[in-house]
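As provided, structure_11.txt (compact mmCIF, N, CA and C atoms) reads as follows.
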```
# COMPACT_ATOMS: atom_id res chain seq x y z
N MET A 685 -70.13 33.32 -36.25
CA MET A 685 -69.27 34.40 -35.79
C MET A 685 -69.65 34.75 -34.36
N GLU A 686 -68.64 34.99 -33.56
CA GLU A 686 -68.83 35.32 -32.15
C GLU A 686 -69.26 36.78 -32.02
N THR A 687 -70.35 37.03 -31.30
CA THR A 687 -70.77 38.40 -31.04
C THR A 687 -70.90 38.60 -29.55
N ARG A 688 -70.15 39.55 -29.03
CA ARG A 688 -70.20 39.87 -27.61
C ARG A 688 -69.66 41.27 -27.43
N PRO A 689 -70.03 41.93 -26.34
CA PRO A 689 -69.54 43.30 -26.12
C PRO A 689 -68.05 43.32 -25.81
N VAL A 690 -67.43 44.46 -26.07
CA VAL A 690 -66.02 44.64 -25.73
C VAL A 690 -65.89 44.59 -24.22
N THR A 691 -64.98 43.76 -23.73
CA THR A 691 -64.82 43.61 -22.29
C THR A 691 -63.48 44.12 -21.80
N GLY A 692 -62.75 44.81 -22.62
CA GLY A 692 -61.44 45.30 -22.21
C GLY A 692 -60.33 44.46 -22.79
N GLN A 693 -59.16 44.63 -22.25
CA GLN A 693 -57.99 43.95 -22.78
C GLN A 693 -57.78 42.60 -22.10
N GLU A 694 -57.22 41.66 -22.89
CA GLU A 694 -56.90 40.33 -22.39
C GLU A 694 -55.48 39.99 -22.81
N ALA A 695 -54.84 39.13 -22.04
CA ALA A 695 -53.50 38.66 -22.38
C ALA A 695 -53.58 37.69 -23.54
N ALA A 696 -52.59 37.74 -24.41
CA ALA A 696 -52.51 36.82 -25.55
C ALA A 696 -51.05 36.46 -25.77
N VAL A 697 -50.83 35.28 -26.36
CA VAL A 697 -49.48 34.83 -26.66
C VAL A 697 -49.46 34.27 -28.08
N LEU A 698 -48.37 34.55 -28.81
CA LEU A 698 -48.21 34.04 -30.17
C LEU A 698 -47.41 32.75 -30.13
N SER A 699 -47.82 31.80 -30.96
CA SER A 699 -47.18 30.48 -30.97
C SER A 699 -46.66 30.15 -32.37
N GLY A 700 -45.38 29.79 -32.44
CA GLY A 700 -44.78 29.42 -33.72
C GLY A 700 -44.31 30.64 -34.50
N GLY A 701 -43.66 30.37 -35.63
CA GLY A 701 -43.21 31.45 -36.51
C GLY A 701 -42.17 32.36 -35.88
N PRO A 702 -41.92 33.49 -36.52
CA PRO A 702 -40.85 34.39 -36.07
C PRO A 702 -41.13 35.12 -34.76
N ALA A 703 -42.39 35.21 -34.35
CA ALA A 703 -42.73 35.92 -33.11
C ALA A 703 -43.13 34.95 -32.00
N ASP A 704 -42.66 33.71 -32.08
CA ASP A 704 -43.02 32.68 -31.11
C ASP A 704 -42.75 33.14 -29.68
N GLY A 705 -43.77 33.01 -28.82
CA GLY A 705 -43.62 33.37 -27.42
C GLY A 705 -43.91 34.83 -27.10
N LEU A 706 -44.11 35.66 -28.12
CA LEU A 706 -44.40 37.07 -27.89
C LEU A 706 -45.72 37.21 -27.13
N ARG A 707 -45.70 38.00 -26.07
CA ARG A 707 -46.92 38.22 -25.26
C ARG A 707 -47.40 39.64 -25.51
N MET A 708 -48.72 39.84 -25.47
CA MET A 708 -49.31 41.15 -25.71
C MET A 708 -50.67 41.24 -25.06
N ARG A 709 -51.29 42.39 -25.14
CA ARG A 709 -52.66 42.61 -24.69
C ARG A 709 -53.49 42.91 -25.94
N VAL A 710 -54.65 42.27 -26.05
CA VAL A 710 -55.54 42.50 -27.19
C VAL A 710 -56.90 42.95 -26.66
N THR A 711 -57.64 43.67 -27.49
CA THR A 711 -58.97 44.14 -27.15
C THR A 711 -60.00 43.46 -28.04
N ASP A 712 -61.04 42.92 -27.46
CA ASP A 712 -62.18 42.33 -28.18
C ASP A 712 -61.82 41.07 -28.96
N ARG A 713 -60.82 40.32 -28.53
CA ARG A 713 -60.46 39.03 -29.12
C ARG A 713 -60.43 39.02 -30.66
N PRO A 714 -59.54 39.77 -31.29
CA PRO A 714 -59.48 39.74 -32.75
C PRO A 714 -59.13 38.34 -33.25
N TRP A 715 -59.64 37.98 -34.40
CA TRP A 715 -59.37 36.65 -34.97
C TRP A 715 -57.96 36.55 -35.53
N VAL A 716 -57.42 37.68 -35.98
CA VAL A 716 -56.11 37.67 -36.66
C VAL A 716 -55.22 38.76 -36.08
N ILE A 717 -53.94 38.41 -35.89
CA ILE A 717 -52.91 39.38 -35.50
C ILE A 717 -51.89 39.42 -36.63
N GLN A 718 -51.53 40.61 -37.04
CA GLN A 718 -50.54 40.80 -38.10
C GLN A 718 -49.25 41.28 -37.46
N VAL A 719 -48.14 40.60 -37.75
CA VAL A 719 -46.83 40.98 -37.24
C VAL A 719 -45.97 41.36 -38.43
N THR A 720 -45.29 42.49 -38.34
CA THR A 720 -44.39 42.90 -39.41
C THR A 720 -42.97 42.99 -38.88
N TYR A 721 -42.03 42.78 -39.78
CA TYR A 721 -40.62 42.85 -39.42
C TYR A 721 -39.91 43.63 -40.52
N PRO A 722 -39.17 44.68 -40.17
CA PRO A 722 -38.52 45.49 -41.20
C PRO A 722 -37.44 44.72 -41.98
N CYS A 723 -37.36 44.99 -43.26
CA CYS A 723 -36.35 44.38 -44.13
C CYS A 723 -35.38 45.48 -44.59
N GLU A 724 -34.13 45.10 -44.77
CA GLU A 724 -33.16 46.06 -45.29
C GLU A 724 -33.38 46.25 -46.78
N VAL A 725 -33.32 47.51 -47.20
CA VAL A 725 -33.50 47.84 -48.61
C VAL A 725 -32.28 48.62 -49.06
N GLU A 726 -31.65 48.18 -50.15
CA GLU A 726 -30.47 48.85 -50.67
C GLU A 726 -30.88 49.93 -51.66
N GLY A 727 -30.25 51.08 -51.57
CA GLY A 727 -30.48 52.15 -52.52
C GLY A 727 -31.93 52.59 -52.59
N ARG A 728 -32.58 52.69 -51.47
CA ARG A 728 -34.00 53.03 -51.45
C ARG A 728 -34.24 54.52 -51.65
N PRO A 729 -35.29 54.85 -52.36
CA PRO A 729 -35.69 56.26 -52.45
C PRO A 729 -36.21 56.73 -51.09
N ASP A 730 -36.20 58.03 -50.85
CA ASP A 730 -36.68 58.58 -49.58
C ASP A 730 -38.09 58.09 -49.28
N GLY A 731 -38.29 57.62 -48.05
CA GLY A 731 -39.61 57.22 -47.59
C GLY A 731 -40.02 55.80 -47.94
N VAL A 732 -39.25 55.09 -48.75
CA VAL A 732 -39.61 53.73 -49.14
C VAL A 732 -39.07 52.75 -48.10
N ARG A 733 -39.91 51.78 -47.73
CA ARG A 733 -39.47 50.74 -46.80
C ARG A 733 -40.13 49.43 -47.20
N ALA A 734 -39.56 48.34 -46.73
CA ALA A 734 -40.12 47.01 -46.99
C ALA A 734 -40.24 46.29 -45.65
N GLU A 735 -41.32 45.53 -45.49
CA GLU A 735 -41.53 44.78 -44.26
C GLU A 735 -42.04 43.39 -44.59
N ALA A 736 -41.54 42.39 -43.86
CA ALA A 736 -42.06 41.03 -43.98
C ALA A 736 -43.35 40.97 -43.17
N LEU A 737 -44.36 40.28 -43.66
CA LEU A 737 -45.66 40.20 -43.02
C LEU A 737 -45.93 38.77 -42.56
N TYR A 738 -46.32 38.62 -41.30
CA TYR A 738 -46.64 37.30 -40.74
C TYR A 738 -48.03 37.37 -40.11
N ILE A 739 -48.81 36.32 -40.28
CA ILE A 739 -50.18 36.27 -39.78
C ILE A 739 -50.30 35.20 -38.69
N TYR A 740 -50.98 35.57 -37.61
CA TYR A 740 -51.29 34.65 -36.51
C TYR A 740 -52.80 34.63 -36.33
N ARG A 741 -53.38 33.42 -36.22
CA ARG A 741 -54.83 33.27 -36.09
C ARG A 741 -55.18 32.75 -34.70
N ARG A 742 -56.28 33.30 -34.15
CA ARG A 742 -56.69 32.93 -32.80
C ARG A 742 -57.21 31.50 -32.76
N ASP A 743 -56.81 30.75 -31.73
CA ASP A 743 -57.30 29.40 -31.48
C ASP A 743 -58.66 29.54 -30.80
N ALA A 744 -59.74 29.21 -31.52
CA ALA A 744 -61.11 29.38 -31.01
C ALA A 744 -61.40 28.47 -29.81
N GLY A 745 -60.61 27.43 -29.62
CA GLY A 745 -60.81 26.52 -28.50
C GLY A 745 -60.33 27.08 -27.17
N VAL A 746 -59.52 28.12 -27.21
CA VAL A 746 -59.00 28.72 -25.98
C VAL A 746 -59.98 29.81 -25.55
N LYS A 747 -60.61 29.62 -24.39
CA LYS A 747 -61.66 30.53 -23.92
C LYS A 747 -61.22 31.46 -22.80
N SER A 748 -60.03 31.24 -22.22
CA SER A 748 -59.58 32.08 -21.12
C SER A 748 -58.16 32.57 -21.39
N GLU A 749 -57.72 33.52 -20.59
CA GLU A 749 -56.38 34.08 -20.76
C GLU A 749 -55.30 33.09 -20.37
N PRO A 750 -54.17 33.11 -21.04
CA PRO A 750 -53.89 33.93 -22.21
C PRO A 750 -54.51 33.31 -23.46
N LEU A 751 -55.06 34.17 -24.32
CA LEU A 751 -55.56 33.70 -25.61
C LEU A 751 -54.37 33.21 -26.42
N LEU A 752 -54.58 32.27 -27.30
CA LEU A 752 -53.49 31.69 -28.09
C LEU A 752 -53.69 31.99 -29.56
N TYR A 753 -52.65 32.51 -30.18
CA TYR A 753 -52.66 32.81 -31.63
C TYR A 753 -51.55 31.97 -32.27
N GLY A 754 -51.93 31.12 -33.22
CA GLY A 754 -50.97 30.27 -33.89
C GLY A 754 -50.51 30.84 -35.22
N PHE A 755 -49.25 30.62 -35.55
CA PHE A 755 -48.67 31.10 -36.80
C PHE A 755 -49.36 30.43 -37.98
N ASP A 756 -49.73 31.22 -38.97
CA ASP A 756 -50.34 30.73 -40.20
C ASP A 756 -49.23 30.53 -41.22
N ILE A 757 -48.87 29.28 -41.46
CA ILE A 757 -47.77 28.94 -42.36
C ILE A 757 -48.01 29.45 -43.78
N ALA A 758 -49.28 29.70 -44.13
CA ALA A 758 -49.63 30.19 -45.47
C ALA A 758 -49.58 31.72 -45.55
N SER A 759 -48.97 32.37 -44.54
CA SER A 759 -48.86 33.82 -44.58
C SER A 759 -48.20 34.26 -45.88
N PRO A 760 -48.66 35.38 -46.41
CA PRO A 760 -48.03 35.85 -47.67
C PRO A 760 -46.60 36.25 -47.47
```

Mind converting the file's structure to structure tokens?
Amino acid sequence: METRPVTGQEAAVLSGGPADGLRMRVTDRPWVIQVTYPCEVEGRPDGVRAEALYIYRRDAGVKSEPLLYGFDIASP
């Protein structure tokens, strides 16, 4: 496991899946990024919502900006 102090924000890009090409700033190089997308729900009770969940994992071989996160096809 990588241990290093927080150095601030870095540029990152998502590759593949529904958020392909999305750019963002991340702090402390997280191993996993979770992306959610709202789903339409018919006849929902107040306050209930559903979201699709997609997982992107950091490519450990990329050491400089932009960090690369690849879509995990096995996302739930």

Handout entry: DSSP strand (DSSP E) residues within chain A, listed as a ChimeraX atom specification
Key = /A:693-699,707-711,716-723,734-742,751-755

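Relative to CA of Tyr721 (chain A), atom N of Asp743 (chain A) is found at 21.6 Å.
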
Exercise for the section: Counting only N, CA and C atoms, figure out which residue out of A:Arg741, A:Glu724, A:Leu698, A:Gln693 gets nearest to Asp712 (chain A). Expected result: A:Gln693

Could you put an axis-aligned box around every listed atom of region 736-752 of chain A, padded by 8 Å on each side, and send me its centre and edge lengths in Å to one decimal, as lines of an AutoDock Vina configuration file?
```
center_x = -51.6
center_y = 34.5
center_z = -32.2
size_x = 36.1
size_y = 31.9
size_z = 39.6
```

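As for atom C of Gly700 (chain A) and atom C of Arg713 (chain A), they are spaced 18.6 Å apart.
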
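Among the candidates A:Ala703, A:Val710, A:Val725, A:Leu752, the residue lying nearest to Tyr738 (chain A) is A:Ala703 (atoms considered: all atoms listed in the file).
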
Problem - Closest of A:Pro714, A:Gly701, A:Gly692, A:Gly745 to Ile757 (chain A) - atom-to-atom distances counting only N, CA and C atoms - result: A:Gly701

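Counting only N, CA and C atoms, the residue from A:Ile717, A:Pro722, A:Ala758, A:Arg728 that sits nearest to Arg742 (chain A) is A:Ile717.
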
Practice task
Find the distance between atom C of Ala695 (chain A) and atom C of Thr720 (chain A) and write it in Å to one decimal.
Solution key: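 Computed distance, atom C of Ala695 (chain A) to atom C of Thr720 (chain A), equals 19.4 Å.
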
Using the structure block above, produce a file of region 714-740 of chain A that contains N, CA and C atoms, as a PDB file, in the first residue's frame.
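Generated output (decode_31.pdb):
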```pdb
ATOM      1  N   PRO A 714      -6.919   8.761  -4.381  1.00  0.00           N
ATOM      2  CA  PRO A 714      -7.746   7.631  -3.944  1.00  0.00           C
ATOM      3  C   PRO A 714      -7.647   6.479  -4.944  1.00  0.00           C
ATOM      4  N   TRP A 715      -7.741   5.260  -4.456  1.00  0.00           N
ATOM      5  CA  TRP A 715      -7.662   4.082  -5.331  1.00  0.00           C
ATOM      6  C   TRP A 715      -8.933   3.889  -6.136  1.00  0.00           C
ATOM      7  N   VAL A 716     -10.065   4.338  -5.592  1.00  0.00           N
ATOM      8  CA  VAL A 716     -11.363   4.082  -6.233  1.00  0.00           C
ATOM      9  C   VAL A 716     -12.171   5.371  -6.297  1.00  0.00           C
ATOM     10  N   ILE A 717     -12.831   5.582  -7.436  1.00  0.00           N
ATOM     11  CA  ILE A 717     -13.783   6.684  -7.609  1.00  0.00           C
ATOM     12  C   ILE A 717     -15.146   6.049  -7.874  1.00  0.00           C
ATOM     13  N   GLN A 718     -16.151   6.529  -7.175  1.00  0.00           N
ATOM     14  CA  GLN A 718     -17.511   6.033  -7.347  1.00  0.00           C
ATOM     15  C   GLN A 718     -18.309   7.090  -8.096  1.00  0.00           C
ATOM     16  N   VAL A 719     -18.963   6.688  -9.184  1.00  0.00           N
ATOM     17  CA  VAL A 719     -19.794   7.587  -9.977  1.00  0.00           C
ATOM     18  C   VAL A 719     -21.226   7.081  -9.889  1.00  0.00           C
ATOM     19  N   THR A 720     -22.157   7.972  -9.611  1.00  0.00           N
ATOM     20  CA  THR A 720     -23.570   7.582  -9.573  1.00  0.00           C
ATOM     21  C   THR A 720     -24.340   8.347 -10.634  1.00  0.00           C
ATOM     22  N   TYR A 721     -25.406   7.726 -11.096  1.00  0.00           N
ATOM     23  CA  TYR A 721     -26.258   8.340 -12.097  1.00  0.00           C
ATOM     24  C   TYR A 721     -27.706   8.111 -11.675  1.00  0.00           C
ATOM     25  N   PRO A 722     -28.512   9.169 -11.584  1.00  0.00           N
ATOM     26  CA  PRO A 722     -29.889   8.999 -11.124  1.00  0.00           C
ATOM     27  C   PRO A 722     -30.740   8.163 -12.089  1.00  0.00           C
ATOM     28  N   CYS A 723     -31.608   7.353 -11.532  1.00  0.00           N
ATOM     29  CA  CYS A 723     -32.540   6.529 -12.315  1.00  0.00           C
ATOM     30  C   CYS A 723     -33.961   7.045 -12.065  1.00  0.00           C
ATOM     31  N   GLU A 724     -34.793   6.943 -13.083  1.00  0.00           N
ATOM     32  CA  GLU A 724     -36.191   7.327 -12.909  1.00  0.00           C
ATOM     33  C   GLU A 724     -36.925   6.237 -12.134  1.00  0.00           C
ATOM     34  N   VAL A 725     -37.744   6.680 -11.186  1.00  0.00           N
ATOM     35  CA  VAL A 725     -38.521   5.756 -10.371  1.00  0.00           C
ATOM     36  C   VAL A 725     -39.987   6.137 -10.505  1.00  0.00           C
ATOM     37  N   GLU A 726     -40.830   5.164 -10.852  1.00  0.00           N
ATOM     38  CA  GLU A 726     -42.253   5.424 -11.005  1.00  0.00           C
ATOM     39  C   GLU A 726     -42.970   5.220  -9.676  1.00  0.00           C
ATOM     40  N   GLY A 727     -43.879   6.105  -9.357  1.00  0.00           N
ATOM     41  CA  GLY A 727     -44.695   5.969  -8.167  1.00  0.00           C
ATOM     42  C   GLY A 727     -43.886   5.874  -6.886  1.00  0.00           C
ATOM     43  N   ARG A 728     -42.852   6.663  -6.766  1.00  0.00           N
ATOM     44  CA  ARG A 728     -41.971   6.573  -5.605  1.00  0.00           C
ATOM     45  C   ARG A 728     -42.556   7.268  -4.386  1.00  0.00           C
ATOM     46  N   PRO A 729     -42.336   6.697  -3.228  1.00  0.00           N
ATOM     47  CA  PRO A 729     -42.718   7.391  -1.991  1.00  0.00           C
ATOM     48  C   PRO A 729     -41.812   8.610  -1.795  1.00  0.00           C
ATOM     49  N   ASP A 730     -42.265   9.583  -1.017  1.00  0.00           N
ATOM     50  CA  ASP A 730     -41.475  10.782  -0.762  1.00  0.00           C
ATOM     51  C   ASP A 730     -40.083  10.420  -0.253  1.00  0.00           C
ATOM     52  N   GLY A 731     -39.075  11.052  -0.851  1.00  0.00           N
ATOM     53  CA  GLY A 731     -37.701  10.885  -0.402  1.00  0.00           C
ATOM     54  C   GLY A 731     -36.969   9.678  -0.959  1.00  0.00           C
ATOM     55  N   VAL A 732     -37.651   8.785  -1.668  1.00  0.00           N
ATOM     56  CA  VAL A 732     -37.004   7.594  -2.211  1.00  0.00           C
ATOM     57  C   VAL A 732     -36.396   7.922  -3.568  1.00  0.00           C
ATOM     58  N   ARG A 733     -35.171   7.450  -3.791  1.00  0.00           N
ATOM     59  CA  ARG A 733     -34.527   7.636  -5.090  1.00  0.00           C
ATOM     60  C   ARG A 733     -33.695   6.400  -5.393  1.00  0.00           C
ATOM     61  N   ALA A 734     -33.372   6.223  -6.659  1.00  0.00           N
ATOM     62  CA  ALA A 734     -32.524   5.109  -7.085  1.00  0.00           C
ATOM     63  C   ALA A 734     -31.405   5.680  -7.948  1.00  0.00           C
ATOM     64  N   GLU A 735     -30.201   5.125  -7.792  1.00  0.00           N
ATOM     65  CA  GLU A 735     -29.061   5.579  -8.573  1.00  0.00           C
ATOM     66  C   GLU A 735     -28.260   4.379  -9.045  1.00  0.00           C
ATOM     67  N   ALA A 736     -27.790   4.451 -10.295  1.00  0.00           N
ATOM     68  CA  ALA A 736     -26.884   3.428 -10.814  1.00  0.00           C
ATOM     69  C   ALA A 736     -25.489   3.749 -10.277  1.00  0.00           C
ATOM     70  N   LEU A 737     -24.729   2.738  -9.911  1.00  0.00           N
ATOM     71  CA  LEU A 737     -23.408   2.909  -9.315  1.00  0.00           C
ATOM     72  C   LEU A 737     -22.343   2.351 -10.252  1.00  0.00           C
ATOM     73  N   TYR A 738     -21.316   3.142 -10.516  1.00  0.00           N
ATOM     74  CA  TYR A 738     -20.204   2.717 -11.373  1.00  0.00           C
ATOM     75  C   TYR A 738     -18.893   2.951 -10.622  1.00  0.00           C
ATOM     76  N   ILE A 739     -17.969   2.032 -10.750  1.00  0.00           N
ATOM     77  CA  ILE A 739     -16.687   2.094 -10.045  1.00  0.00           C
ATOM     78  C   ILE A 739     -15.551   2.273 -11.050  1.00  0.00           C
ATOM     79  N   TYR A 740     -14.639   3.174 -10.712  1.00  0.00           N
ATOM     80  CA  TYR A 740     -13.423   3.408 -11.496  1.00  0.00           C
ATOM     81  C   TYR A 740     -12.228   3.214 -10.571  1.00  0.00           C
TER      82      TYR A 740
END
```
